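Enquirer: Sending over a structure as structure tokens; questions will come in a sec.
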Amino acid sequence: MTDRKGALQAIDRCAANLSHVQSVLADGGYVGQPFAQAVKDKLGATVQIAKRNELHTFAVIPQRWVVERSFAWLEKCRRL
């Protein structure tokens, strides 16, 4: 299963708890109008993609940092 399908299933499962979400910040793996439209239909939220500017160069991009740290915190909890 792709990450996009998994994310949409997770949104379906937790939609009642996500009613106040206005914007979803995601990394480049979630690019595409079908994903953004599905999130809009399910939550009424917009999708923002935090992309890297250039390959093979290091630069701190604040939105991308938030996405990466969120994944790191989730992976720390083994019961998820």
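Chains: A, B, ... in order of the structure tokens. Residues: from 1 per chain. Ligands: from 1, in order shown.
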Which residues come within 9 Å of segment 13-30 of chain A, counting only C-alpha atoms, excluding same-chain residues fewer than 6 positions away, as a PDB file with N, CA and C atoms, in the first residue's frame?
Expert:
ATOM      1  N   ASP A   3       1.947   5.240   0.657  1.00  0.00           N
ATOM      2  CA  ASP A   3       1.778   6.166   1.777  1.00  0.00           C
ATOM      3  C   ASP A   3       0.521   7.011   1.617  1.00  0.00           C
ATOM      4  N   ARG A   4       0.224   7.391   0.393  1.00  0.00           N
ATOM      5  CA  ARG A   4      -0.966   8.218   0.155  1.00  0.00           C
ATOM      6  C   ARG A   4      -2.241   7.480   0.553  1.00  0.00           C
ATOM      7  N   ALA A  36      -4.787  15.717  -2.633  1.00  0.00           N
ATOM      8  CA  ALA A  36      -5.254  16.991  -2.079  1.00  0.00           C
ATOM      9  C   ALA A  36      -6.778  17.078  -2.128  1.00  0.00           C
ATOM     10  N   VAL A  39      -8.311  14.809   0.615  1.00  0.00           N
ATOM     11  CA  VAL A  39      -8.212  15.437   1.933  1.00  0.00           C
ATOM     12  C   VAL A  39      -9.243  16.555   2.054  1.00  0.00           C
ATOM     13  N   LYS A  42     -12.662  14.903   2.605  1.00  0.00           N
ATOM     14  CA  LYS A  42     -12.825  14.214   3.889  1.00  0.00           C
ATOM     15  C   LYS A  42     -12.762  15.150   5.087  1.00  0.00           C
ATOM     16  N   LEU A  43     -11.844  16.141   5.040  1.00  0.00           N
ATOM     17  CA  LEU A  43     -11.632  17.017   6.193  1.00  0.00           C
ATOM     18  C   LEU A  43     -12.005  18.471   5.932  1.00  0.00           C
ATOM     19  N   GLY A  44     -12.087  18.843   4.675  1.00  0.00           N
ATOM     20  CA  GLY A  44     -12.276  20.253   4.351  1.00  0.00           C
ATOM     21  C   GLY A  44     -11.004  21.057   4.561  1.00  0.00           C
ATOM     22  N   ALA A  45      -9.869  20.373   4.533  1.00  0.00           N
ATOM     23  CA  ALA A  45      -8.565  21.002   4.783  1.00  0.00           C
ATOM     24  C   ALA A  45      -7.769  21.100   3.484  1.00  0.00           C
ATOM     25  N   THR A  46      -6.836  22.037   3.453  1.00  0.00           N
ATOM     26  CA  THR A  46      -5.942  22.168   2.310  1.00  0.00           C
ATOM     27  C   THR A  46      -4.658  21.386   2.582  1.00  0.00           C
ATOM     28  N   VAL A  47      -3.964  21.014   1.525  1.00  0.00           N
ATOM     29  CA  VAL A  47      -2.699  20.285   1.639  1.00  0.00           C
ATOM     30  C   VAL A  47      -1.574  21.195   1.187  1.00  0.00           C
ATOM     31  N   GLN A  48      -0.553  21.357   2.042  1.00  0.00           N
ATOM     32  CA  GLN A  48       0.646  22.109   1.695  1.00  0.00           C
ATOM     33  C   GLN A  48       1.805  21.134   1.609  1.00  0.00           C
ATOM     34  N   ILE A  49       2.572  21.219   0.552  1.00  0.00           N
ATOM     35  CA  ILE A  49       3.712  20.330   0.353  1.00  0.00           C
ATOM     36  C   ILE A  49       4.994  21.087   0.665  1.00  0.00           C
ATOM     37  N   ALA A  50       5.816  20.526   1.556  1.00  0.00           N
ATOM     38  CA  ALA A  50       7.116  21.108   1.900  1.00  0.00           C
ATOM     39  C   ALA A  50       8.172  20.395   1.063  1.00  0.00           C
ATOM     40  N   LYS A  51       8.612  21.033  -0.007  1.00  0.00           N
ATOM     41  CA  LYS A  51       9.575  20.428  -0.924  1.00  0.00           C
ATOM     42  C   LYS A  51      10.971  20.959  -0.674  1.00  0.00           C
ATOM     43  N   ARG A  52      11.951  20.143  -1.077  1.00  0.00           N
ATOM     44  CA  ARG A  52      13.335  20.599  -1.058  1.00  0.00           C
ATOM     45  C   ARG A  52      13.561  21.514  -2.248  1.00  0.00           C
ATOM     46  N   GLN A  63       9.252  24.433   7.110  1.00  0.00           N
ATOM     47  CA  GLN A  63       8.102  23.544   6.983  1.00  0.00           C
ATOM     48  C   GLN A  63       8.543  22.099   6.856  1.00  0.00           C
ATOM     49  N   ARG A  64       9.581  21.851   6.104  1.00  0.00           N
ATOM     50  CA  ARG A  64      10.074  20.476   5.943  1.00  0.00           C
ATOM     51  C   ARG A  64      10.605  19.946   7.271  1.00  0.00           C
ATOM     52  N   VAL A  66       9.441  20.613  10.207  1.00  0.00           N
ATOM     53  CA  VAL A  66       8.275  20.224  11.004  1.00  0.00           C
ATOM     54  C   VAL A  66       7.799  18.835  10.586  1.00  0.00           C
ATOM     55  N   VAL A  67       7.741  18.573   9.292  1.00  0.00           N
ATOM     56  CA  VAL A  67       7.307  17.265   8.807  1.00  0.00           C
ATOM     57  C   VAL A  67       8.267  16.181   9.277  1.00  0.00           C
ATOM     58  N   GLU A  68       9.554  16.385   9.101  1.00  0.00           N
ATOM     59  CA  GLU A  68      10.548  15.374   9.473  1.00  0.00           C
ATOM     60  C   GLU A  68      10.545  15.111  10.981  1.00  0.00           C
TER      61      GLU A  68
END
Enquirer: List every residue of chain A that DSSP, applied to the backbone of this structure, assigns to strand (DSSP E or B), and report them as a VMD selection string.
Expert: chain A and resid 23 to 26 46 to 49
Enquirer: Which distance in Å separates atom CA of Phe35 of chain A and atom CA of Leu8 of chain A, to one decimal?
Expert: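 So the two atoms, atom CA of Phe35 of chain A and atom CA of Leu8 of chain A, lie 8.0 Å apart.
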Enquirer: Between atom CA of Gln33 of chain A and atom CA of Glu75 of chain A, what is the distance, to one decimal in Å?
Expert: 27.4 Å
Enquirer: Provide the atom CA of Gln37 of chain A to atom CA of Ile11 of chain A distance in Å, to one decimal place.
Expert: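 Interatomic distance here is 13.0 Å.
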Enquirer: Report as a PyMOL selection string: the residues of chain A with a DSSP assignment of helix (DSSP H, G or I), based on the backbone of this structure.
Expert: chain A and resi 3-13+15-18+28-30+33-43+62-76
Enquirer: Can you spit out the residues from that selection as a PDB file, in the first residue's frame, using C-alpha atoms?
Expert:
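Once everything was written out, this is selection-v2.pdb:
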ATOM      1  CA  ASP A   3       1.778   6.166   1.777  1.00  0.00           C
ATOM      2  CA  ARG A   4      -0.966   8.218   0.155  1.00  0.00           C
ATOM      3  CA  LYS A   5      -3.549   5.435   0.468  1.00  0.00           C
ATOM      4  CA  GLY A   6      -2.438   4.746   4.032  1.00  0.00           C
ATOM      5  CA  ALA A   7      -2.746   8.418   4.933  1.00  0.00           C
ATOM      6  CA  LEU A   8      -6.249   8.583   3.486  1.00  0.00           C
ATOM      7  CA  GLN A   9      -7.254   5.459   5.430  1.00  0.00           C
ATOM      8  CA  ALA A  10      -5.859   6.988   8.617  1.00  0.00           C
ATOM      9  CA  ILE A  11      -7.818  10.178   7.930  1.00  0.00           C
ATOM     10  CA  ASP A  12     -10.976   8.115   7.396  1.00  0.00           C
ATOM     11  CA  ARG A  13     -10.423   6.253  10.647  1.00  0.00           C
ATOM     12  CA  ALA A  15     -11.953  11.914  10.919  1.00  0.00           C
ATOM     13  CA  ALA A  16     -14.018  12.636  14.058  1.00  0.00           C
ATOM     14  CA  ASN A  17     -10.884  13.701  15.949  1.00  0.00           C
ATOM     15  CA  LEU A  18      -9.570  15.776  13.037  1.00  0.00           C
ATOM     16  CA  GLY A  28       7.003  15.526  -1.422  1.00  0.00           C
ATOM     17  CA  GLY A  29       5.638  11.973  -1.389  1.00  0.00           C
ATOM     18  CA  TYR A  30       2.098  13.332  -1.151  1.00  0.00           C
ATOM     19  CA  GLN A  33      -4.230  16.673  -7.033  1.00  0.00           C
ATOM     20  CA  PRO A  34      -6.072  13.385  -6.222  1.00  0.00           C
ATOM     21  CA  PHE A  35      -4.574  13.302  -2.708  1.00  0.00           C
ATOM     22  CA  ALA A  36      -5.254  16.991  -2.079  1.00  0.00           C
ATOM     23  CA  GLN A  37      -8.829  16.641  -3.334  1.00  0.00           C
ATOM     24  CA  ALA A  38      -9.447  13.572  -1.154  1.00  0.00           C
ATOM     25  CA  VAL A  39      -8.212  15.437   1.933  1.00  0.00           C
ATOM     26  CA  LYS A  40     -10.405  18.401   0.991  1.00  0.00           C
ATOM     27  CA  ASP A  41     -13.446  16.112   0.641  1.00  0.00           C
ATOM     28  CA  LYS A  42     -12.825  14.214   3.889  1.00  0.00           C
ATOM     29  CA  LEU A  43     -11.632  17.017   6.193  1.00  0.00           C
ATOM     30  CA  PRO A  62      11.199  25.325   8.310  1.00  0.00           C
ATOM     31  CA  GLN A  63       8.102  23.544   6.983  1.00  0.00           C
ATOM     32  CA  ARG A  64      10.074  20.476   5.943  1.00  0.00           C
ATOM     33  CA  TRP A  65      11.714  20.388   9.368  1.00  0.00           C
ATOM     34  CA  VAL A  66       8.275  20.224  11.004  1.00  0.00           C
ATOM     35  CA  VAL A  67       7.307  17.265   8.807  1.00  0.00           C
ATOM     36  CA  GLU A  68      10.548  15.374   9.473  1.00  0.00           C
ATOM     37  CA  ARG A  69      10.417  15.972  13.249  1.00  0.00           C
ATOM     38  CA  SER A  70       6.787  14.834  13.367  1.00  0.00           C
ATOM     39  CA  PHE A  71       7.748  11.548  11.680  1.00  0.00           C
ATOM     40  CA  ALA A  72      10.656  11.137  14.100  1.00  0.00           C
ATOM     41  CA  TRP A  73       8.391  11.644  17.131  1.00  0.00           C
ATOM     42  CA  LEU A  74       5.846   9.157  15.784  1.00  0.00           C
ATOM     43  CA  GLU A  75       8.511   6.543  15.067  1.00  0.00           C
ATOM     44  CA  LYS A  76       9.784   6.904  18.625  1.00  0.00           C
TER      45      LYS A  76
END
